[in-house]
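Peer 1: Just one file: coords05.cif, with mmCIF, C-alpha atoms.
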data_input
loop_
_atom_site.group_PDB
_atom_site.id
_atom_site.type_symbol
_atom_site.label_atom_id
_atom_site.label_comp_id
_atom_site.auth_asym_id
_atom_site.auth_seq_id
_atom_site.Cartn_x
_atom_site.Cartn_y
_atom_site.Cartn_z
ATOM 1 C CA MET D 1 -47.686 30.553 -51.926
ATOM 2 C CA ALA D 2 -44.711 28.277 -52.557
ATOM 3 C CA SER D 3 -42.785 28.783 -55.741
ATOM 4 C CA PRO D 4 -42.502 25.836 -58.135
ATOM 5 C CA ALA D 5 -39.413 23.697 -57.777
ATOM 6 C CA GLN D 6 -36.579 24.736 -60.029
ATOM 7 C CA PRO D 7 -34.913 22.006 -62.100
ATOM 8 C CA VAL D 8 -31.510 20.902 -60.931
ATOM 9 C CA TYR D 9 -29.043 19.815 -63.578
ATOM 10 C CA LEU D 10 -26.381 17.465 -62.279
ATOM 11 C CA PRO D 11 -23.913 15.492 -64.363
ATOM 12 C CA LEU D 12 -25.289 12.077 -63.357
ATOM 13 C CA GLU D 13 -24.828 8.835 -65.206
ATOM 14 C CA PHE D 14 -27.682 6.352 -65.522
ATOM 15 C CA LYS D 15 -26.055 4.024 -62.980
ATOM 16 C CA GLN D 16 -25.982 6.837 -60.423
ATOM 17 C CA VAL D 17 -29.635 7.668 -61.010
ATOM 18 C CA LEU D 18 -30.525 3.987 -60.614
ATOM 19 C CA GLU D 19 -28.660 3.836 -57.291
ATOM 20 C CA ILE D 20 -30.584 6.874 -56.052
ATOM 21 C CA VAL D 21 -33.931 5.393 -57.088
ATOM 22 C CA GLN D 22 -33.087 2.078 -55.393
ATOM 23 C CA GLN D 23 -32.722 3.943 -52.104
ATOM 24 C CA LEU D 24 -36.289 5.279 -52.292
ATOM 25 C CA GLY D 25 -39.111 3.676 -50.365
ATOM 26 C CA ALA D 26 -42.066 2.053 -52.125
ATOM 27 C CA SER D 27 -44.263 5.135 -51.793
ATOM 28 C CA GLU D 28 -41.540 7.421 -53.106
ATOM 29 C CA ARG D 29 -40.910 5.107 -56.077
ATOM 30 C CA ARG D 30 -44.629 5.091 -56.878
ATOM 31 C CA ASN D 31 -44.760 8.883 -56.761
ATOM 32 C CA LEU D 32 -41.682 9.107 -58.977
ATOM 33 C CA LEU D 33 -43.231 6.724 -61.492
ATOM 34 C CA LEU D 34 -46.469 8.723 -61.483
ATOM 35 C CA PHE D 35 -44.497 11.916 -62.023
ATOM 36 C CA LEU D 36 -42.478 10.457 -64.896
ATOM 37 C CA LEU D 37 -45.625 9.170 -66.588
ATOM 38 C CA GLY D 38 -47.427 12.482 -66.078
ATOM 39 C CA HIS D 39 -50.170 11.025 -63.880
ATOM 40 C CA GLN D 40 -51.849 12.648 -60.929
ATOM 41 C CA ALA D 41 -51.124 10.905 -57.625
ATOM 42 C CA ASP D 42 -54.631 11.473 -56.241
ATOM 43 C CA LYS D 43 -56.095 8.176 -57.482
ATOM 44 C CA GLU D 44 -54.606 4.705 -57.386
ATOM 45 C CA ASP D 45 -53.731 3.130 -60.714
ATOM 46 C CA LEU D 46 -53.274 -0.625 -60.359
ATOM 47 C CA THR D 47 -51.327 -0.794 -63.608
ATOM 48 C CA LEU D 48 -48.679 1.482 -62.143
ATOM 49 C CA THR D 49 -48.533 -0.616 -58.981
ATOM 50 C CA HIS D 50 -47.879 -3.656 -61.166
ATOM 51 C CA LEU D 51 -45.109 -1.878 -63.065
ATOM 52 C CA ALA D 52 -43.493 -0.580 -59.898
ATOM 53 C CA SER D 53 -43.466 -4.007 -58.220
ATOM 54 C CA GLU D 54 -42.440 -6.094 -61.236
ATOM 55 C CA TYR D 55 -38.707 -5.636 -60.665
ATOM 56 C CA SER D 56 -38.882 -6.525 -56.968
ATOM 57 C CA LEU D 57 -40.988 -9.622 -57.613
ATOM 58 C CA GLY D 58 -38.707 -10.673 -60.447
ATOM 59 C CA LYS D 59 -35.764 -10.940 -58.065
ATOM 60 C CA ASP D 60 -37.616 -13.728 -56.239
ATOM 61 C CA TRP D 61 -39.328 -15.345 -59.206
ATOM 62 C CA PHE D 62 -36.615 -15.487 -61.843
ATOM 63 C CA THR D 63 -34.272 -17.885 -60.110
ATOM 64 C CA GLN D 64 -33.009 -21.371 -60.865
ATOM 65 C CA THR D 65 -34.904 -22.712 -57.822
ATOM 66 C CA GLU D 66 -38.204 -21.310 -59.112
ATOM 67 C CA ASP D 67 -37.556 -22.690 -62.608
ATOM 68 C CA GLU D 68 -36.979 -26.143 -61.157
ATOM 69 C CA ALA D 69 -40.090 -25.930 -58.983
ATOM 70 C CA TRP D 70 -42.332 -25.094 -61.958
ATOM 71 C CA GLN D 71 -40.741 -27.227 -64.671
ATOM 72 C CA ASP D 72 -43.346 -30.029 -64.497
ATOM 73 C CA LEU D 73 -46.375 -27.773 -64.869
#
In structure tokens, how does this file's structure come out?
Peer 2:
Amino acid sequence: MASPAQPVYLPLEFKQVLEIVQQLGASERRNLLLFLLGHQADKEDLTLTHLASEYSLGKDWFTQTEDEAWQDL
């Protein structure tokens, strides 16, 4: 039986943690988010998928070009 993972305490700043998270793949980010929220990864939660993808979608959507395209609606 594997022993539980021991916590590792490193003197990291928020910016460093963010850089590490940005290097993760989509599946790894989802698992991290599930872990941080205390959810079990065995069932899909569409709310979490929305939260995990919001930042990536925002990079494309929140631009001057998009604002101009939608201004008449």
Peer 1: Tell me, in Å to one decimal, how far atom CA of Leu57 of chain D is from atom CA of Gly25 of chain D.
Peer 2: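 For atom CA of Leu57 of chain D relative to atom CA of Gly25 of chain D, the distance reads 15.3 Å.
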Peer 1: Neighbours of segment 13-20 of chain D within 12 Å (all atoms listed in the file; same-chain residues fewer than 5 positions away dropped), as a PyMOL selection string?
Peer 2: chain D and resi 25+28-29+32
Peer 1: Considering only C-alpha atoms, can you say which of D:Leu73, D:Lys59, D:Asp67, D:Thr49 comes closest to Asn31 of chain D?
Peer 2: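 Residue with the minimum atom-to-atom distance to Asn31 of chain D: D:Thr49.
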Peer 1: What separation in Å, quoted to one decimal, exists between atom CA of Tyr9 of chain D and atom CA of Ala26 of chain D?
Peer 2: 24.8 Å
Peer 1: Figure out the distance between atom CA of Tyr55 of chain D and atom CA of Val8 of chain D, please, to one decimal in Å.
Peer 2: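 About the pair atom CA of Val8 of chain D and atom CA of Tyr55 of chain D: they are 27.5 Å apart.
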Peer 1: Box for segment 13-27 of chain D - axis-aligned, 5 Å on each of the six sides, all listed atoms - centre and size in Å to one decimal, as AutoDock Vina command-line options.
Peer 2:
--center_x -34.5 --center_y 5.4 --center_z -57.9 --size_x 29.4 --size_y 16.8 --size_z 25.2
Peer 1: Restricting the calculation to all atoms listed in the file: of D:Leu10, D:Ala5, D:Leu33, D:Leu24, which residue gets closest to His50 of chain D?
Peer 2: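 For His50 of chain D, the nearest of the candidates is D:Leu33.
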